[in-house]
file final.cif (mmCIF, C-alpha atoms)
data_upload
#
loop_
_atom_site.label_atom_id
_atom_site.label_comp_id
_atom_site.auth_asym_id
_atom_site.auth_seq_id
_atom_site.Cartn_x
_atom_site.Cartn_y
_atom_site.Cartn_z
CA MET A 8 88.76 -176.08 -45.81
CA THR A 9 90.71 -175.16 -42.67
CA SER A 10 89.33 -172.87 -40.00
CA VAL A 11 92.01 -170.29 -40.81
CA ALA A 12 90.95 -170.26 -44.44
CA ASN A 13 87.28 -169.84 -43.44
CA ILE A 14 88.14 -166.94 -41.18
CA THR A 15 90.22 -165.31 -43.92
CA LEU A 16 87.40 -165.65 -46.44
CA LEU A 17 84.81 -164.22 -44.07
CA ALA A 18 87.10 -161.32 -43.13
CA ALA A 19 87.56 -160.61 -46.85
CA LEU A 20 83.77 -160.82 -47.32
CA PHE A 21 83.20 -158.28 -44.54
CA ALA A 22 85.81 -155.94 -46.06
CA LEU A 23 84.58 -156.19 -49.66
CA ALA A 24 80.80 -156.55 -49.19
CA PRO A 25 80.28 -152.78 -48.70
CA ALA A 26 81.85 -152.12 -52.12
CA GLY A 27 79.43 -154.55 -53.75
CA VAL A 28 76.47 -153.12 -51.88
CA LEU A 29 77.41 -149.54 -52.79
CA TRP A 30 77.72 -150.57 -56.46
CA CYS A 31 74.28 -152.18 -56.36
CA CYS A 32 72.73 -149.18 -54.58
CA SER A 33 74.08 -146.84 -57.27
CA ARG A 34 72.47 -148.89 -60.04
CA ILE A 35 69.29 -150.37 -58.57
CA ARG A 36 66.88 -147.64 -57.53
CA ILE A 37 65.00 -149.55 -54.85
CA LEU A 38 68.25 -150.60 -53.17
CA GLY A 39 69.43 -147.00 -53.27
CA LYS A 40 66.30 -145.98 -51.38
CA ILE A 41 66.83 -148.71 -48.78
CA GLY A 42 70.43 -147.60 -48.30
CA PRO A 43 73.70 -149.50 -47.80
CA VAL A 44 73.59 -149.49 -43.99
CA LEU A 45 70.32 -151.44 -43.72
CA ILE A 46 71.34 -153.85 -46.50
CA LEU A 47 74.67 -154.55 -44.78
CA TYR A 48 72.89 -155.18 -41.48
CA ILE A 49 70.59 -157.68 -43.16
CA ILE A 50 73.54 -159.45 -44.80
CA GLY A 51 75.49 -159.50 -41.54
CA ILE A 52 72.59 -160.87 -39.50
CA ALA A 53 71.96 -163.55 -42.15
CA ILE A 54 75.62 -164.61 -42.06
CA GLY A 55 75.81 -164.58 -38.28
CA ASN A 56 72.66 -166.67 -37.81
CA SER A 57 73.22 -169.08 -40.71
CA GLY A 58 75.19 -171.59 -38.65
CA LEU A 59 78.07 -171.37 -41.13
CA MET A 60 80.28 -169.15 -38.97
CA PRO A 61 83.46 -170.86 -37.66
CA ASP A 62 83.51 -171.18 -33.87
CA ASP A 63 86.74 -169.21 -33.64
CA MET A 64 85.50 -166.33 -35.84
CA ALA A 65 84.59 -164.28 -32.75
CA GLN A 66 88.13 -162.96 -32.36
CA MET A 67 88.26 -161.71 -35.94
CA GLN A 68 84.83 -160.08 -35.55
CA GLU A 69 86.01 -158.33 -32.40
CA ILE A 70 89.16 -157.07 -34.11
CA LEU A 71 87.26 -155.69 -37.12
CA SER A 72 84.50 -154.07 -35.06
CA SER A 73 87.00 -152.56 -32.59
CA ALA A 74 89.42 -151.23 -35.22
CA THR A 75 87.12 -149.69 -37.80
CA VAL A 76 85.40 -147.09 -35.59
CA PRO A 77 88.57 -145.51 -34.12
CA LEU A 78 90.04 -145.25 -37.62
CA ALA A 79 86.83 -143.74 -39.02
CA ILE A 80 86.43 -140.97 -36.43
CA PRO A 81 89.41 -138.76 -37.41
CA LEU A 82 88.89 -139.43 -41.13
CA MET A 83 85.29 -138.19 -40.94
CA LEU A 84 86.24 -135.13 -38.90
CA PHE A 85 89.17 -133.91 -40.99
CA GLY A 86 86.79 -132.10 -43.34
CA CYS A 87 85.08 -130.09 -40.59
CA THR A 88 84.68 -126.39 -41.31
CA LEU A 89 83.81 -125.25 -37.80
CA ARG A 90 85.29 -121.80 -38.31
CA ARG A 91 82.82 -120.83 -41.04
CA SER A 92 80.57 -118.00 -39.90
CA ILE A 93 76.85 -118.70 -39.72
CA THR A 94 73.90 -116.35 -39.50
CA ARG A 95 71.90 -115.48 -36.39
CA SER A 96 69.05 -117.78 -37.46
CA GLN A 97 71.44 -120.66 -38.09
CA MET A 98 73.15 -120.16 -34.72
CA LEU A 99 69.79 -120.10 -32.97
CA ALA A 100 68.72 -123.22 -34.87
CA LEU A 101 71.96 -124.94 -33.83
CA VAL A 102 71.53 -124.10 -30.15
CA THR A 103 67.79 -124.81 -29.97
CA GLY A 104 68.28 -128.04 -31.92
CA LEU A 105 70.88 -129.31 -29.47
CA ILE A 106 68.71 -128.28 -26.52
CA SER A 107 65.69 -130.03 -28.07
CA VAL A 108 67.54 -133.32 -28.56
CA VAL A 109 69.07 -133.28 -25.07
CA ALA A 110 65.74 -132.35 -23.42
CA THR A 111 63.74 -135.05 -25.23
CA VAL A 112 66.39 -137.70 -24.51
CA ALA A 113 66.14 -136.85 -20.80
CA ALA A 114 62.34 -136.69 -20.79
CA GLY A 115 62.09 -139.86 -22.87
CA TYR A 116 64.33 -141.67 -20.42
CA LEU A 117 61.84 -140.99 -17.62
CA ILE A 118 58.98 -142.33 -19.78
CA PHE A 119 60.65 -145.17 -21.71
CA GLY A 120 64.37 -145.46 -21.03
CA SER A 121 64.23 -146.27 -17.34
CA ARG A 122 62.28 -149.46 -18.23
CA ILE A 123 64.93 -150.65 -20.69
CA GLU A 124 68.04 -152.59 -19.76
CA GLN A 125 71.09 -150.30 -20.05
CA GLY A 126 68.61 -147.42 -20.50
CA ALA A 127 71.02 -144.70 -19.37
CA ARG A 128 73.69 -145.89 -21.81
CA ILE A 129 71.12 -146.10 -24.59
CA GLY A 130 70.09 -142.53 -23.79
CA GLY A 131 73.71 -141.50 -24.25
CA MET A 132 73.92 -143.31 -27.59
CA LEU A 133 70.70 -141.69 -28.80
CA THR A 134 72.02 -138.27 -27.81
CA GLY A 135 75.07 -138.93 -29.95
CA VAL A 136 73.24 -140.25 -33.01
CA TYR A 137 70.59 -137.48 -32.98
CA THR A 138 73.13 -134.70 -32.66
CA GLY A 139 75.67 -136.38 -34.94
CA GLY A 140 75.22 -139.63 -36.84
CA THR A 141 76.08 -143.32 -37.17
CA ILE A 142 79.75 -142.67 -36.41
CA ASN A 143 78.79 -141.24 -33.01
CA LEU A 144 76.45 -144.15 -32.32
CA ALA A 145 79.23 -146.63 -33.05
CA ALA A 146 81.77 -144.69 -31.00
CA LEU A 147 79.45 -144.45 -28.00
CA LYS A 148 78.70 -148.16 -28.21
CA ALA A 149 82.40 -148.78 -27.64
CA MET A 150 82.74 -146.07 -24.98
CA LEU A 151 79.71 -147.19 -22.97
CA GLY A 152 80.08 -150.94 -23.42
CA VAL A 153 76.67 -151.60 -24.98
CA ASN A 154 76.22 -155.13 -26.35
CA GLU A 155 75.90 -155.94 -30.06
CA ASN A 156 72.23 -157.03 -29.95
CA THR A 157 71.17 -153.75 -28.37
CA TYR A 158 73.25 -151.78 -30.88
CA ILE A 159 71.65 -153.59 -33.83
CA LEU A 160 68.18 -153.00 -32.42
CA ILE A 161 68.89 -149.28 -31.89
CA ASN A 162 70.23 -148.87 -35.41
CA SER A 163 67.36 -150.80 -36.98
CA TYR A 164 64.71 -148.77 -35.17
CA ASP A 165 66.62 -145.57 -35.92
CA MET A 166 66.45 -146.27 -39.66
CA LEU A 167 62.71 -146.98 -39.42
CA VAL A 168 61.87 -143.88 -37.37
CA SER A 169 64.20 -141.66 -39.42
CA PHE A 170 62.51 -142.87 -42.63
CA LEU A 171 59.08 -141.97 -41.20
CA TYR A 172 60.47 -138.59 -40.11
CA LEU A 173 61.75 -137.81 -43.62
CA THR A 174 58.51 -139.04 -45.18
CA PHE A 175 56.56 -136.65 -42.95
CA LEU A 176 58.79 -133.69 -43.85
CA LEU A 177 58.68 -134.34 -47.59
CA SER A 178 54.94 -135.07 -47.72
CA ALA A 179 53.50 -132.43 -45.38
CA GLY A 180 56.05 -131.06 -42.91
CA ILE A 181 57.77 -128.51 -45.16
CA LYS A 182 54.47 -126.94 -46.25
CA LEU A 183 53.11 -127.01 -42.69
CA PHE A 184 56.13 -125.36 -41.08
CA ARG A 185 56.31 -122.71 -43.79
CA LYS A 186 52.77 -121.69 -42.80
CA VAL A 187 53.55 -121.63 -39.07
CA LEU A 188 57.01 -120.04 -39.17
CA PRO A 189 58.50 -117.06 -41.04
CA PHE A 190 59.18 -117.95 -44.67
CA THR A 191 60.57 -115.98 -47.60
CA PRO A 192 59.44 -117.55 -50.92
CA ASP A 193 62.50 -116.18 -52.72
CA GLY A 194 64.80 -118.74 -51.08
CA ARG A 195 66.53 -119.53 -54.33
CA ARG A 196 68.77 -116.45 -54.46
CA ALA A 197 72.37 -117.42 -53.95
CA GLY A 198 74.61 -115.78 -51.43
CA ARG A 199 78.36 -115.35 -51.62
CA GLU A 200 78.84 -117.78 -48.76
CA GLU A 201 77.24 -120.57 -50.80
CA ASP A 202 79.48 -119.88 -53.79
CA ALA A 203 82.59 -119.82 -51.59
CA ALA A 204 81.65 -123.22 -50.18
CA ALA A 205 81.30 -125.06 -53.49
CA ALA A 206 84.01 -127.56 -52.61
CA GLU A 207 82.34 -128.35 -49.30
CA ARG A 208 79.01 -128.99 -51.00
CA GLU A 209 80.53 -131.30 -53.56
CA SER A 210 81.68 -133.74 -50.89
CA PHE A 211 78.07 -134.20 -49.83
CA ASP A 212 76.28 -133.72 -53.14
CA ASN A 213 78.18 -136.37 -55.02
CA VAL A 214 76.73 -139.25 -53.00
CA SER A 215 76.06 -141.31 -56.11
CA SER A 216 79.80 -141.75 -56.76
CA PRO A 217 81.71 -140.58 -53.66
CA TYR A 218 84.70 -142.83 -54.42
CA SER A 219 85.21 -141.75 -58.04
CA GLY A 220 88.85 -140.82 -58.56
CA LEU A 221 90.02 -142.51 -55.38
CA PHE A 222 92.24 -144.98 -57.25
CA THR A 223 93.98 -142.36 -59.35
CA ARG A 224 97.51 -141.30 -58.42
CA ARG A 225 96.23 -138.09 -56.87
CA GLY A 226 93.44 -139.87 -55.02
CA MET A 227 95.75 -142.54 -53.62
CA LYS A 228 98.23 -139.91 -52.48
CA SER A 229 95.51 -137.99 -50.64
CA ALA A 230 94.10 -141.19 -49.10
CA GLY A 231 97.57 -142.36 -48.03
CA THR A 232 98.31 -139.05 -46.33
CA LEU A 233 95.00 -139.06 -44.47
CA LEU A 234 95.40 -142.69 -43.37
CA ALA A 235 98.95 -142.04 -42.14
CA LEU A 236 97.73 -139.05 -40.14
CA THR A 237 94.86 -141.13 -38.76
CA LEU A 238 97.23 -143.87 -37.59
CA ALA A 239 99.39 -141.24 -35.88
CA ILE A 240 96.34 -139.82 -34.12
CA CYS A 241 95.31 -143.32 -33.02
CA ALA A 242 98.81 -143.93 -31.63
CA VAL A 243 98.85 -140.66 -29.69
CA SER A 244 95.30 -141.19 -28.38
CA GLY A 245 96.10 -144.74 -27.33
CA GLY A 246 99.28 -143.62 -25.60
CA VAL A 247 97.43 -140.98 -23.58
CA ALA A 248 94.62 -143.41 -22.70
CA LEU A 249 97.16 -145.98 -21.45
CA LEU A 250 98.37 -143.49 -18.84
CA LEU A 251 94.96 -143.63 -17.13
CA PRO A 252 93.15 -146.51 -15.37
CA GLN A 253 92.11 -149.35 -17.68
CA SER A 254 88.42 -148.74 -16.98
CA LEU A 255 88.74 -145.31 -18.62
CA PHE A 256 90.77 -146.43 -21.64
CA MET A 257 88.04 -146.59 -24.29
CA THR A 258 86.33 -143.39 -23.13
CA VAL A 259 89.56 -141.37 -23.16
CA PHE A 260 90.70 -143.01 -26.40
CA ILE A 261 87.51 -142.08 -28.31
CA LEU A 262 87.38 -138.53 -26.91
CA MET A 263 91.05 -137.99 -27.79
CA LEU A 264 90.43 -139.23 -31.34
CA THR A 265 87.51 -136.81 -31.64
CA THR A 266 89.47 -133.86 -30.25
CA LEU A 267 92.56 -134.45 -32.40
CA GLY A 268 90.44 -135.04 -35.50
CA ILE A 269 88.70 -131.70 -34.97
CA GLY A 270 92.05 -130.06 -34.26
CA CYS A 271 93.48 -131.27 -37.59
CA SER A 272 90.47 -129.82 -39.41
CA PHE A 273 91.76 -126.33 -38.61
CA CYS A 274 94.68 -127.01 -40.97
CA ARG A 275 93.42 -125.92 -44.36
CA ARG A 276 95.63 -128.37 -46.25
CA ILE A 277 94.18 -131.32 -44.32
CA ARG A 278 90.62 -130.00 -44.40
CA GLU A 279 90.61 -129.64 -48.18
CA MET A 280 91.92 -133.15 -48.91
CA ARG A 281 89.28 -135.35 -50.54
CA TYR A 282 88.06 -138.80 -49.53
CA GLY A 283 88.58 -138.58 -45.76
CA TYR A 284 84.85 -138.65 -45.05
CA ASP A 285 84.19 -141.33 -47.68
CA ILE A 286 86.96 -143.65 -46.48
CA GLY A 287 85.73 -143.19 -42.92
CA MET A 288 82.19 -144.01 -44.00
CA TYR A 289 83.42 -147.15 -45.76
CA LEU A 290 85.01 -148.26 -42.49
CA ILE A 291 81.65 -147.70 -40.80
CA TYR A 292 80.04 -149.91 -43.45
CA ILE A 293 82.55 -152.66 -42.57
CA PHE A 294 81.69 -152.13 -38.91
CA CYS A 295 77.96 -152.47 -39.72
CA ILE A 296 78.20 -155.86 -41.43
CA THR A 297 80.69 -157.14 -38.86
CA VAL A 298 78.73 -156.14 -35.77
CA ALA A 299 75.50 -157.39 -37.38
CA SER A 300 77.11 -160.82 -37.81
CA MET A 301 77.73 -160.86 -34.04
CA ALA A 302 74.02 -160.46 -33.22
CA ASN A 303 72.07 -163.51 -32.08
CA LEU A 304 68.41 -163.24 -33.08
CA SER A 305 67.35 -165.70 -30.38
CA GLU A 306 68.59 -163.28 -27.70
CA PHE A 307 66.71 -160.18 -28.85
CA ASP A 308 64.51 -158.62 -26.14
CA LEU A 309 61.28 -157.96 -28.04
CA ALA A 310 59.47 -156.44 -25.06
CA GLY A 311 62.35 -154.07 -24.43
CA GLY A 312 62.43 -153.40 -28.17
CA ILE A 313 58.91 -151.95 -28.09
CA MET A 314 59.95 -149.52 -25.36
CA LEU A 315 63.07 -148.69 -27.35
CA LEU A 316 61.00 -147.93 -30.44
CA GLY A 317 58.85 -145.62 -28.32
CA TYR A 318 61.96 -143.93 -26.93
CA LEU A 319 63.40 -143.25 -30.39
CA SER A 320 60.07 -141.99 -31.77
CA PHE A 321 59.64 -139.67 -28.80
CA ILE A 322 63.11 -138.15 -29.34
CA VAL A 323 62.83 -137.72 -33.12
CA PHE A 324 59.36 -136.20 -33.30
CA GLY A 325 59.50 -134.59 -29.86
CA SER A 326 62.74 -132.74 -30.66
CA LEU A 327 61.25 -131.54 -33.97
CA LEU A 328 58.15 -130.20 -32.20
CA MET A 329 60.26 -128.56 -29.50
CA GLN A 330 62.53 -126.92 -32.06
CA VAL A 331 59.50 -125.55 -33.92
CA LEU A 332 58.16 -124.07 -30.68
CA PHE A 333 61.53 -122.42 -30.06
CA ALA A 334 61.41 -121.06 -33.60
CA VAL A 335 57.96 -119.53 -33.05
CA ILE A 336 59.26 -117.69 -29.99
CA LEU A 337 62.62 -116.64 -31.51
CA ARG A 338 61.27 -115.95 -35.02
CA ILE A 339 63.58 -118.41 -36.78
CA ASP A 340 62.62 -119.01 -40.41
CA ALA A 341 61.02 -122.29 -41.43
CA ASP A 342 63.68 -123.52 -43.84
CA THR A 343 66.51 -123.01 -41.34
CA VAL A 344 64.61 -124.97 -38.70
CA ILE A 345 63.87 -127.82 -41.10
CA ILE A 346 67.42 -128.08 -42.43
CA SER A 347 68.97 -127.99 -38.94
CA SER A 348 66.57 -130.66 -37.67
CA VAL A 349 67.46 -132.91 -40.62
CA ALA A 350 71.18 -132.29 -40.03
CA PHE A 351 70.79 -133.52 -36.45
CA ILE A 352 68.32 -136.37 -36.92
CA ASN A 353 69.52 -137.75 -40.28
CA SER A 354 73.11 -136.36 -40.40
CA PRO A 355 74.73 -134.05 -43.01
CA PRO A 356 74.51 -136.33 -46.09
CA PHE A 357 70.72 -135.81 -46.08
CA VAL A 358 71.00 -132.02 -46.04
CA PRO A 359 71.45 -131.54 -49.84
CA MET A 360 68.39 -133.71 -50.51
CA ILE A 361 66.15 -131.64 -48.21
CA SER A 362 67.63 -128.40 -49.52
CA ALA A 363 66.71 -129.51 -53.05
CA ALA A 364 63.23 -130.56 -51.92
CA MET A 365 62.72 -127.09 -50.44
CA ARG A 366 64.25 -125.45 -53.54
CA ASN A 367 66.34 -123.28 -51.26
CA ARG A 368 70.11 -123.61 -51.59
CA ASN A 369 70.68 -120.64 -49.27
CA VAL A 370 70.28 -122.97 -46.28
CA LEU A 371 72.60 -125.67 -47.64
CA VAL A 372 75.93 -124.54 -46.19
CA GLY A 373 74.35 -123.61 -42.86
CA GLY A 374 72.74 -127.05 -42.65
CA LEU A 375 76.03 -128.80 -43.43
CA THR A 376 77.86 -126.69 -40.86
CA ILE A 377 75.27 -127.47 -38.18
CA GLY A 378 75.49 -131.18 -39.00
CA ILE A 379 79.29 -131.17 -38.88
CA ILE A 380 79.22 -129.46 -35.48
CA GLY A 381 76.82 -132.23 -34.44
CA TYR A 382 79.36 -134.84 -35.56
CA ALA A 383 82.06 -133.10 -33.55
CA THR A 384 80.04 -132.70 -30.34
CA GLY A 385 78.02 -135.93 -30.43
CA ASN A 386 80.55 -138.09 -28.57
CA TYR A 387 80.98 -135.55 -25.76
CA LEU A 388 77.25 -134.93 -25.32
CA GLY A 389 76.42 -138.64 -25.53
CA PHE A 390 78.93 -139.59 -22.85
CA LEU A 391 77.80 -136.78 -20.53
CA MET A 392 74.14 -137.71 -21.03
CA ALA A 393 74.79 -141.36 -20.19
CA GLU A 394 76.54 -140.31 -16.97
CA LEU A 395 73.73 -137.92 -16.01
CA LEU A 396 70.94 -140.42 -16.73
CA SER A 397 72.69 -143.11 -14.68
CA MET A 398 72.33 -140.83 -11.64
CA ILE A 399 68.53 -140.61 -11.96
#
call {"tool": "encode", "arguments": {"input": "final.cif", "output": "structure tokens"}}
result
Amino acid sequence: MTSVANITLLAALFALAPAGVLWCCSRIRILGKIGPVLILYIIGIAIGNSGLMPDDMAQMQEILSSATVPLAIPLMLFGCTLRRSITRSQMLALVTGLISVVATVAAGYLIFGSRIEQGARIGGMLTGVYTGGTINLAALKAMLGVNENTYILINSYDMLVSFLYLTFLLSAGIKLFRKVLPFTPDGRRAGREEDAAAAERESFDNVSSPYSGLFTRRGMKSAGTLLALTLAICAVSGGVALLLPQSLFMTVFILMLTTLGIGCSFCRRIREMRYGYDIGMYLIYIFCITVASMANLSEFDLAGGIMLLGYLSFIVFGSLLMQVLFAVILRIDADTVIISSVAFINSPPFVPMISAAMRNRNVLVGGLTIGIIGYATGNYLGFLMAELLSMI
């Protein structure tokens, strides 16, 4: 088989593997608990270190990894509802949550990050992922020029620490914080805001079949419109970035994509179109398996990895503790603190699960809104943090 044919087959594998993994995760319970991201990383690393990769596959890997993230950013931001009003407690939780993440990233850098290669850039990436999500981590990787091995290590440790964080909340944390912070047992009463946001909840609640209806005429029309708008945004962002020095291209390009994606979300017609977030997430899945296949296990820095694990753990659990202390002082209720922390640390798709675990749907929309704001601000905060840490 020719090299071109091998490359074509592998590119097709990278593009289609997420669909197969998602199908398996929806039907096999244990795989669903592991999650598609980790499974795709394992598959990608296995492919990349199997010795079966063509020598000239690197260019195709670079194209796929470089193209998927810029396309995903606007798609995942089109559904933002940043104009929705939130309560005093939710606003305080948003502000204190952001402060807690930023403060622990900075403090953790002094303890752990300064001993890690590219520590300042890693601090920026961790700021992005713990105020937003995987999309911000991937975007900041491109903006800050972090290598693939480091990215894989960060993402792997993030999944481990985030799993331990969720396990703590579900096993003891919710009960503990409800004893320490204000808590109203009647959290099940529904407010008008929750009923008005039914469509917004559905996009996050229906995680078991997020792509159902995509291949209908209506679904394809919506997807086509969103993809066309995304390509236009990419063209405008690239054009603006080309006007500046080459060293600033990727930074300006990503920030322009973020800004224009948020801007489009203020158009109700665009914001209410389905599948933007899900298509964007699928592109991130392709990015995951592709970038994992670029990692060389023999080059992993295990000593630096231990420090990195400590850095991530410090941020995740340190920011939670700091946010709880803020809540004690400001009298923020327990459920709002918990849901906002989950929105930052685990990203919005985990909010419905925690809301159900707490049996309090009153905090659902607020948690989603906080998480979406995290998505929107993560790239800016991450870039600024990396610049600030590099000065220390």
call {"tool": "closest_residue", "arguments": {"input": "final.cif", "among": "A:Ile50, A:Ile293, A:Ile41, A:Leu133", "to": "Val108 in chain A", "atoms": "only C-alpha atoms"}}
result
A:Leu133
call {"tool": "resolve_selection", "arguments": {"input": "final.cif", "expression": "the PyMOL selection byres ((chain A and resi 59-75) around 10)", "output": "number ranges by chain"}}
result
A: 9-11, 13-15, 17-18, 21-22, 53-58, 76-80, 145-146, 149, 287-301
call {"tool": "resolve_selection", "arguments": {"input": "final.cif", "expression": "the PyMOL selection byres ((chain A and resi 372-375) around 6)", "output": "JSON, numbers by chain"}}
result
{"A": [346, 347, 355, 370, 371, 376, 377, 378]}
call {"tool": "residues_around", "arguments": {"input": "final.cif", "residues": "range 219-235 of chain A", "least_positions_apart": "3", "cutoff": "7 Å", "atoms": "all atoms listed in the file", "output": "list in words"}}
result
Leu82, Ser216, Leu238, Ala239, Met280, Arg281, Tyr282 and Gly283 of chain A
call {"tool": "write_last_selection", "arguments": {"input": "final.cif", "atoms": "C-alpha atoms", "output": "compact mmCIF listing (two decimals), in the frame of the given file"}}
result
# COMPACT_ATOMS: atom_id res chain seq x y z
CA LEU A 82 88.89 -139.43 -41.13
CA SER A 216 79.80 -141.75 -56.76
CA LEU A 238 97.23 -143.87 -37.59
CA ALA A 239 99.39 -141.24 -35.88
CA MET A 280 91.92 -133.15 -48.91
CA ARG A 281 89.28 -135.35 -50.54
CA TYR A 282 88.06 -138.80 -49.53
CA GLY A 283 88.58 -138.58 -45.76
call {"tool": "resolve_selection", "arguments": {"input": "final.cif", "expression": "the PyMOL selection byres ((chain A and resi 319) around 8)", "output": "VMD selection string"}}
result
chain A and resid 133 164 to 165 168 315 to 318 320 to 323
call {"tool": "atom_distance", "arguments": {"input": "final.cif", "atom1": "CA of Asp340 in chain A", "atom2": "CA of Leu173 in chain A"}}
result
19.1 Å
call {"tool": "residues_around", "arguments": {"input": "final.cif", "residues": "Gly268 in chain A", "least_positions_apart": "6", "cutoff": "6 Å", "atoms": "all atoms listed in the file", "output": "number ranges by chain"}}
result
A: 81, 84-85
call {"tool": "atom_distance", "arguments": {"input": "final.cif", "atom1": "CA of Leu396 in chain A", "atom2": "CA of Tyr172 in chain A"}}
result
25.7 Å
